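Before any comments, here is the structure.
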Amino acid sequence: MGCNEKQPSIRLGELAEYLKGQLCGDPEAWITGVAEIYCARPGQITFLANPRYAAYLRTTRASAVIIDSRTEGEPPLPYIRVDDAYFAYRQTVCLLYPEPRRIDPGVHPSAVLAEGVHLGEGVAVGAHVYLGRNVAVGKNTRILPGCVVMDGSSIGEDCLLHPLVVVREGCTIGNRVIIHSGAVIGSDGFGYARYHGAYHKIPQIGTVVIEDDVEIGANATIDRAALGETRIGRGVKLDNLVHLAHNVRVGAHTVMAAQTGISGSVEIGREVVLGGQVGAAGHIKIEDRVVVGAKSGITKDVAEGQTVFGVPARPIMQAKRMEAALRSLPGLIKRIRQLERELAALKAEEKRK
Amino acid sequence: MGCNEKQPSIRLGELAEYLKGQLCGDPEAWITGVAEIYCARPGQITFLANPRYAAYLRTTRASAVIIDSRTEGEPPLPYIRVDDAYFAYRQTVCLLYPEPRRIDPGVHPSAVLAEGVHLGEGVAVGAHVYLGRNVAVGKNTRILPGCVVMDGSSIGEDCLLHPLVVVREGCTIGNRVIIHSGAVIGSDGFGYARYHGAYHKIPQIGTVVIEDDVEIGANATIDRAALGETRIGRGVKLDNLVHLAHNVRVGAHTVMAAQTGISGSVEIGREVVLGGQVGAAGHIKIEDRVVVGAKSGITKDVAEGQTVFGVPARPIMQAKRMEAALRSLPGLIKRIRQLERELAALKAEEKRK
Amino acid sequence: MGCNEKQPSIRLGELAEYLKGQLCGDPEAWITGVAEIYCARPGQITFLANPRYAAYLRTTRASAVIIDSRTEGEPPLPYIRVDDAYFAYRQTVCLLYPEPRRIDPGVHPSAVLAEGVHLGEGVAVGAHVYLGRNVAVGKNTRILPGCVVMDGSSIGEDCLLHPLVVVREGCTIGNRVIIHSGAVIGSDGFGYARYHGAYHKIPQIGTVVIEDDVEIGANATIDRAALGETRIGRGVKLDNLVHLAHNVRVGAHTVMAAQTGISGSVEIGREVVLGGQVGAAGHIKIEDRVVVGAKSGITKDVAEGQTVFGVPARPIMQAKRMEAALRSLPGLIKRIRQLERELAALKAEEKRK
């Protein structure tokens with residue numbers, strides 16, 4: 001586990017209580033870690049969230065397992081039965097593996113702070129960080145080594161900027177936001193006026209607003225607006241290498257898997273799920289609770305709650321039907337040839353008569 | 001608008017004159033900003049470049065609008081009629097929102113300059129920048145915090161390197177080039193000789209040449225040549241997360257949208273337009289003025305002026321025809337089944353006679 | 001060639017001996033560089049690995065050429081005949097263009113080393129580097145300017161971290177590993193428990209292990225495991241902007257071209273070849289020596305040695321057959337219409353009788 005120096009430990013009974021679960025087993029037993037069901041060792045607790053892995057219950061060497069109502073019958077080892085095993089697994093990890101203190105609070109002597117920087121209580125600013133003029137950082141936020149925050153940006157409380165994040169000038173970041181290494185917030189949108197054969201840059205004078213509880217993956221890029229703002233709603237989670245163009249708006253609790261790219265001025269609703277390597281054309285609207293399969297290309301508006309897939313993206317049933325039809329195509333060609341032959345034979349017969 | 005401290009202002013008459021447009025309205029009125037037609041407030045000027053948005057002319061709260069010959073009739077608000085409304089909007093933004101001075105001129109004391117670095121007049125080198133041996137930087141170029149330029153590279157005049165850009169050794173960058181945060185210029189090409197089952201790295205001893213007026217997006221990667229050079233022509237614009245492999249050549253005024261990737265030794269002409277998430281196979285030629293739809297996979301040469309789309313990329317009309325045929329496929333299957341039934345009935349009839 | 005200050009030189013006879021090749025030509029002739037066959041100048045040596053370029057043998061201005069048994073007959077210029085011309089080209093480049101010394105050995109005064117850092121002999125740590133608590137660096141490893149290595153990570157011997165690489169806490173990197181600029185090793189996996197409508201982050205407490213002789217491209221991202229480890233086998237080569245999610249395992253000598261993304265817990269065998277912009281769905285297994293065409297979407301297990309292509313990826317023969325069928329589709333529609341007409345005529349005829 002590398003980054004956690006001390007081995008965690010808790011008694012099984014205490015853990016069951018913390019998880020508000022029902023324990024079957026010795027409450028005094030020590031739990032010293034969390035592991036996957038197929039590789040857990042004695043002393044560790046595991047979990048079963050996907051019934052597909054139920055067979056491992058018989059072979060796991062774990063000292064206990066967290067289950068929920070999706071697991072029928074009695075596991076042959078101590079268990080804690082909870083409301084939602086995956087969420088309880090998450091709670092257990094949070095409890096046993098508290099976040100490491102990556103850098104000391106305070107401002108590292110090698111950091112450079114321009115005029116007018118305001119730091120809240122408990123802020124940690126790492127080595128070689130640069131904070132531009134009038135940057136504001138809320139309390140307990142940690143800005144790890146090598147990050148650059150340009151003039152006039154503000155970052156809320158309890159945020160974590162991993163090493164080498166860039167926040168360009170004038171961006172606003174909420175509370176409890178996590179930004180992974182290499183992500184760039186507020187880069188210029190890709191905007192040009194074509195005139196007499198050459199492209200003339202349109203200064204991107206808008207900004208980026210990131211609401212509370214957002215997480216942004218490594219090397220993701222979020223462009224600032226041409227005019228106005230690019231906005232990422234509360235609780236949004238973006239995976240690595242995601243690209244959001246200028247003036248994109250993303251609703252609350254939407255998630256996007258890695259390498260997905262959204263063109264300019266797209267409006268995405270709340271609780272939308274985009275698979276990996278998806279693309280969306282500019283100026284379209286993807287409504288609330290839409291689900292988009294990986295590698296899809298969205299070319300027009302998608303209505304609330306639809307599941308779409310493909311290039312261009314179509315409602316999933318239609319996409320599946322087309323996919324099935326496509327698979328049957330080589331067979332169809334043979335059938336057509338057969339029809340042609342039979343018809344020709346029939347016509348010849350007819351003529352002969 | 002975050003990054004611009006003072007509110008801009010200009011009289012409508014002056015602006016009309018600057019844009020060489022024809023004013024209809026009070027030349028003494030103050031314009032204090034630029035905004036989109038649907039959200040502009042009184043005091044702001046807006047523009048109408050796309051006739052689709054003409055209906056907003058009746059509802060916008062803007063104090064004036066920039067239009068061109070694509071807008072028929074008289075807007076119900078003060079207006080400036082110009083040759084090209086989008087380009088005039090661009091000119092207005094440039095006028096009202098001069099580029100912010102992100103860092104002070106001179107070399108920040110925390111920057112590290114190796115031997116033989118040559119800086120032109122007015123150069124600004126930000127905090128924690130590293131310039132390697134014999135790096136040359138032309139006048140008025142700004143290298144923002146955290147950038148690294150390795151040995152022997154040269155950067156022209158009036159360039160802007162946003163925070164955390166890497167320029168590897170021996171690259172040549174022209175004048176007025178803008179490179180966004182996280183971009184890597186001159187990384188090694190992906191070249192190996194496979195020998196007895198393992199891959200042996202081929203030292204990439206070539207370089208990258210970037211001509212004048214190029215803009216490179218955030219986290220884009222431009223590999224150096226194996227031998228010779230990777231070259232990006234004058235006025236080329238690359239969006240975020242674009243990848244150009246070793247020995248790629250890109251002609252003048254070509255643009256590539258986000259997440260597009262070009263394999264080794266591809267030759268791309270001038271004024272080519274590549275959509276987002278496009279891929280191109282190695283060693284092919286994409287001629288001048290080709291247009292490639294988003295998400296396409298280009299597998300062979302594309303002749304001058306063609307518009308292509310799909311995986312593999314085909315001429316657009318052919319791609320559309322195939323797409324329409326594909327949509328009709330489930331219906332075709334029914335028609336074939338119907339034909340088979342009718343033919344069987346006919347043959348049975350025939351036999352009976 | 002920018003980054004190599006001195007012109008290399010060797011006598012043709014010495015080179016032939018070094019390559020264990022058979023020389024035809026003057027062993028005393030000086031070779032002063034390596035270049036492609038179509039642009040080599042007198043004094044340079046070139047190579048012919050692909051018989052397609054054999055015609056250049058008659059026109060090249062190179063002073064000698066490296067060939068192998070794939071080239072028939074006698075080239076009209078001095079040549080060295082070897083076992084494998086491409087590998088011999090690689091050996092020649094390595095010989096004539098030794099790697100530049102990018103930074104001086106020792107720790108640059110601007111670098112920041114936390115407590116407990118251990119550096120082997122001959123290590124070079126560049127300007128503005130940050131090494132976290134208890135980081136260990138093996139002998140002769142070079143960490144170029146601006147890199148950040150967080151607490152508890154270890155890096156082996158003879159490694160090269162190009163500028164602005166991030167290695168997050170607790171990662172293990174083997175010997176002779178090359179990591180290109182902007183790559184992020186050990187970023188958090190994309191793991192959340194959805195509970196009551198919101199996504200709750202699952203702390204990613206696992207790690208990343210990179211074995212010997214791996215090379216990782218610019219701006220690539222390798223996520224740490226949720227539990228356990230993400231592992232990259234010996235000799236693996238990853239191109240720029242590749243993304244590996246948490247708990248991915250990659251076998252020895254596997255290569256992935258640019259912008260490919262692998263979802264969580266995918267297991268990839270050894271000597272696998274993935275083209276560019278490929279995607280793989282989570283929890284699948286791609287066995288040894290599989291080859292995947294560019295832009296494919298792998299949705300299920302792929303058996304040893306298969307070549308697959310498409311979205312979803314299918315065995316290459318099947319994919320080609322479907323592609324051919326698809327191309328014939330517009331023609332098929334016409335044939336069906338024709339069949340319908342003829343059948344209708346036949347039935348009308350039948351009725352008339």
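The way I read the labels, and the way they are meant: chains A, B, ... in the order of the structure tokens, residue 1 as the first residue of every chain, and ligand 1 as the first ligand shown, with later ones counted on from there.
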
Neighbours of stretch 219-221 of chain B within 7 Å (only C-alpha atoms; same-chain residues fewer than 4 positions away dropped), as a count of residues only?
13

If you count only C-alpha atoms, which residues fall within 8 Å of C:Pro105, apart from same-chain ones fewer than 2 positions away, as a count of residues only?
7

Give me the residues within 7 Å of stretch 40-55 of chain B as a count of residues only, counting only C-alpha atoms and dropping any in the same chain fewer than 4 places off.
20

Show me a table, sorted first by chain and then by increasing residue number, of the residues of chain A having an atom at most 7 Å from chain C, each with its shortest atom pair and the distance in Å to one decimal, counting only C-alpha atoms and written as JSON lines.
{"residue": "A:Met1", "atom": "CA", "partner": "C:Gly206", "partner_atom": "CA", "distance": 5.0}
{"residue": "A:Gly2", "atom": "CA", "partner": "C:Gly170", "partner_atom": "CA", "distance": 4.3}
{"residue": "A:Cys3", "atom": "CA", "partner": "C:Gly170", "partner_atom": "CA", "distance": 4.5}
{"residue": "A:Ala35", "atom": "CA", "partner": "C:Leu227", "partner_atom": "CA", "distance": 6.2}
{"residue": "A:Tyr86", "atom": "CA", "partner": "C:Ala193", "partner_atom": "CA", "distance": 6.3}
{"residue": "A:Phe87", "atom": "CA", "partner": "C:Ala193", "partner_atom": "CA", "distance": 5.4}
{"residue": "A:Arg90", "atom": "CA", "partner": "C:Ile202", "partner_atom": "CA", "distance": 5.3}
{"residue": "A:Val93", "atom": "CA", "partner": "C:Pro203", "partner_atom": "CA", "distance": 6.7}
{"residue": "A:Cys94", "atom": "CA", "partner": "C:Pro203", "partner_atom": "CA", "distance": 6.5}
{"residue": "A:Ala127", "atom": "CA", "partner": "C:Tyr130", "partner_atom": "CA", "distance": 6.9}
{"residue": "A:His128", "atom": "CA", "partner": "C:His128", "partner_atom": "CA", "distance": 6.5}
{"residue": "A:Pro145", "atom": "CA", "partner": "C:Tyr130", "partner_atom": "CA", "distance": 6.9}
{"residue": "A:Pro163", "atom": "CA", "partner": "C:Val148", "partner_atom": "CA", "distance": 6.8}
{"residue": "A:His180", "atom": "CA", "partner": "C:Ser187", "partner_atom": "CA", "distance": 6.7}
{"residue": "A:Ser181", "atom": "CA", "partner": "C:Val184", "partner_atom": "CA", "distance": 6.6}
{"residue": "A:Gly182", "atom": "CA", "partner": "C:Gly182", "partner_atom": "CA", "distance": 6.6}
{"residue": "A:Ala218", "atom": "CA", "partner": "C:Ser187", "partner_atom": "CA", "distance": 6.6}
{"residue": "A:Asn219", "atom": "CA", "partner": "C:Asn219", "partner_atom": "CA", "distance": 6.7}
{"residue": "A:Gly235", "atom": "CA", "partner": "C:Ala198", "partner_atom": "CA", "distance": 6.9}
{"residue": "A:Asp239", "atom": "CA", "partner": "C:Phe190", "partner_atom": "CA", "distance": 6.2}
{"residue": "A:His253", "atom": "CA", "partner": "C:Ala198", "partner_atom": "CA", "distance": 6.0}
{"residue": "A:Leu329", "atom": "CA", "partner": "C:Ala325", "partner_atom": "CA", "distance": 6.3}
{"residue": "A:Pro330", "atom": "CA", "partner": "C:Ala325", "partner_atom": "CA", "distance": 5.9}
{"residue": "A:Glu340", "atom": "CA", "partner": "C:Leu339", "partner_atom": "CA", "distance": 6.8}

Expected file: the selected residues, N, CA and C atoms, as a PDB file, in the first residue's frame:
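Dumped to selection-v8.pdb:
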ATOM      1  N   MET A   1       0.847  -1.218   0.000  1.00  0.00           N
ATOM      2  CA  MET A   1       0.000   0.000   0.000  1.00  0.00           C
ATOM      3  C   MET A   1       0.870   1.252   0.000  1.00  0.00           C
ATOM      4  N   GLY A   2       2.146   1.013   0.110  1.00  0.00           N
ATOM      5  CA  GLY A   2       3.154   2.045  -0.098  1.00  0.00           C
ATOM      6  C   GLY A   2       3.011   3.312   0.726  1.00  0.00           C
ATOM      7  N   CYS A   3       1.929   4.051   0.507  1.00  0.00           N
ATOM      8  CA  CYS A   3       1.893   5.415   1.010  1.00  0.00           C
ATOM      9  C   CYS A   3       1.351   5.511   2.424  1.00  0.00           C
ATOM     10  N   ALA A  35      -8.945  -5.553   1.501  1.00  0.00           N
ATOM     11  CA  ALA A  35      -8.390  -6.082   0.248  1.00  0.00           C
ATOM     12  C   ALA A  35      -9.499  -6.692  -0.596  1.00  0.00           C
ATOM     13  N   TYR A  86     -20.927  -1.737  -1.195  1.00  0.00           N
ATOM     14  CA  TYR A  86     -19.878  -0.962  -1.852  1.00  0.00           C
ATOM     15  C   TYR A  86     -19.635   0.343  -1.099  1.00  0.00           C
ATOM     16  N   PHE A  87     -20.727   0.977  -0.680  1.00  0.00           N
ATOM     17  CA  PHE A  87     -20.577   2.215   0.081  1.00  0.00           C
ATOM     18  C   PHE A  87     -19.917   1.922   1.435  1.00  0.00           C
ATOM     19  N   ARG A  90     -16.321   1.593   0.995  1.00  0.00           N
ATOM     20  CA  ARG A  90     -15.748   2.933   0.891  1.00  0.00           C
ATOM     21  C   ARG A  90     -15.579   3.554   2.283  1.00  0.00           C
ATOM     22  N   VAL A  93     -12.609   1.958   4.058  1.00  0.00           N
ATOM     23  CA  VAL A  93     -11.320   2.453   3.563  1.00  0.00           C
ATOM     24  C   VAL A  93     -11.038   3.842   4.134  1.00  0.00           C
ATOM     25  N   CYS A  94     -12.062   4.701   4.116  1.00  0.00           N
ATOM     26  CA  CYS A  94     -11.867   6.055   4.647  1.00  0.00           C
ATOM     27  C   CYS A  94     -11.462   6.005   6.127  1.00  0.00           C
ATOM     28  N   ALA A 127       6.478  23.312  -2.143  1.00  0.00           N
ATOM     29  CA  ALA A 127       7.698  23.811  -2.770  1.00  0.00           C
ATOM     30  C   ALA A 127       7.420  24.250  -4.207  1.00  0.00           C
ATOM     31  N   HIS A 128       8.067  25.334  -4.623  1.00  0.00           N
ATOM     32  CA  HIS A 128       8.043  25.772  -6.020  1.00  0.00           C
ATOM     33  C   HIS A 128       6.641  26.109  -6.525  1.00  0.00           C
ATOM     34  N   PRO A 145       3.478  20.659  -4.443  1.00  0.00           N
ATOM     35  CA  PRO A 145       4.626  21.239  -5.140  1.00  0.00           C
ATOM     36  C   PRO A 145       4.412  21.484  -6.638  1.00  0.00           C
ATOM     37  N   PRO A 163       0.430  17.823  -7.341  1.00  0.00           N
ATOM     38  CA  PRO A 163       1.569  18.531  -7.951  1.00  0.00           C
ATOM     39  C   PRO A 163       1.333  18.913  -9.415  1.00  0.00           C
ATOM     40  N   HIS A 180      -6.221  16.789 -10.001  1.00  0.00           N
ATOM     41  CA  HIS A 180      -5.059  15.915 -10.117  1.00  0.00           C
ATOM     42  C   HIS A 180      -3.949  16.545 -10.965  1.00  0.00           C
ATOM     43  N   SER A 181      -2.788  15.945 -10.837  1.00  0.00           N
ATOM     44  CA  SER A 181      -1.570  16.487 -11.439  1.00  0.00           C
ATOM     45  C   SER A 181      -1.716  16.716 -12.940  1.00  0.00           C
ATOM     46  N   GLY A 182      -1.163  17.800 -13.403  1.00  0.00           N
ATOM     47  CA  GLY A 182      -1.123  18.073 -14.828  1.00  0.00           C
ATOM     48  C   GLY A 182      -2.404  18.651 -15.390  1.00  0.00           C
ATOM     49  N   ALA A 218      -6.140  13.707 -13.845  1.00  0.00           N
ATOM     50  CA  ALA A 218      -4.794  14.086 -14.264  1.00  0.00           C
ATOM     51  C   ALA A 218      -4.789  14.476 -15.745  1.00  0.00           C
ATOM     52  N   ASN A 219      -4.073  15.544 -16.050  1.00  0.00           N
ATOM     53  CA  ASN A 219      -3.894  16.023 -17.424  1.00  0.00           C
ATOM     54  C   ASN A 219      -5.201  16.342 -18.142  1.00  0.00           C
ATOM     55  N   GLY A 235     -20.257  18.429  -7.422  1.00  0.00           N
ATOM     56  CA  GLY A 235     -20.155  16.972  -7.365  1.00  0.00           C
ATOM     57  C   GLY A 235     -19.763  16.292  -8.665  1.00  0.00           C
ATOM     58  N   ASP A 239     -12.631  12.248 -15.274  1.00  0.00           N
ATOM     59  CA  ASP A 239     -11.482  11.338 -15.252  1.00  0.00           C
ATOM     60  C   ASP A 239     -10.289  11.984 -15.991  1.00  0.00           C
ATOM     61  N   HIS A 253     -23.338  16.412 -10.291  1.00  0.00           N
ATOM     62  CA  HIS A 253     -23.233  14.946 -10.173  1.00  0.00           C
ATOM     63  C   HIS A 253     -23.177  14.227 -11.517  1.00  0.00           C
ATOM     64  N   LEU A 329     -25.230  -8.983 -42.041  1.00  0.00           N
ATOM     65  CA  LEU A 329     -25.088  -8.501 -43.401  1.00  0.00           C
ATOM     66  C   LEU A 329     -24.431  -9.523 -44.341  1.00  0.00           C
ATOM     67  N   PRO A 330     -23.323 -10.140 -43.956  1.00  0.00           N
ATOM     68  CA  PRO A 330     -22.732 -11.128 -44.881  1.00  0.00           C
ATOM     69  C   PRO A 330     -23.744 -12.221 -45.226  1.00  0.00           C
ATOM     70  N   GLU A 340     -31.988 -14.057 -56.201  1.00  0.00           N
ATOM     71  CA  GLU A 340     -31.774 -13.698 -57.602  1.00  0.00           C
ATOM     72  C   GLU A 340     -31.718 -14.942 -58.488  1.00  0.00           C
TER      73      GLU A 340
END

Quick check for you: according to DSSP on this backbone, which residues of stretch 123-341 of chain C are classed as alpha helix (DSSP H)? Reply as JSON, numbers by chain.
{"C": [316, 317, 318, 319, 320, 321, 322, 323, 324, 325, 326, 327, 329, 330, 331, 332, 333, 334, 335, 336, 337, 338, 339, 340, 341]}

Rounded to one decimal, what separation in Å do you get between atom CA of C:Gly120 and atom CA of C:Glu215?
21.1 Å

Considering only strand (DSSP E) as DSSP defines it on the backbone, what residues of stretch 116-191 of chain A qualify? List them as a PyMOL selection string.
chain A and resi 118-119+124-125+130-131+136-137+142-143+148-149+154-155+160-161+166-167+172-173+178-179+184-187

Find the residues around B:Ile210 up to 9 Å (only C-alpha atoms counted), leave out those fewer than 5 positions away in its own chain, and share them as a ChimeraX atom specification.
/B:171-174,177,230-234

Between atom CA of C:Ala257 and atom CA of B:Gly275, what distance in Å does the model show, to one decimal?
20.0 Å
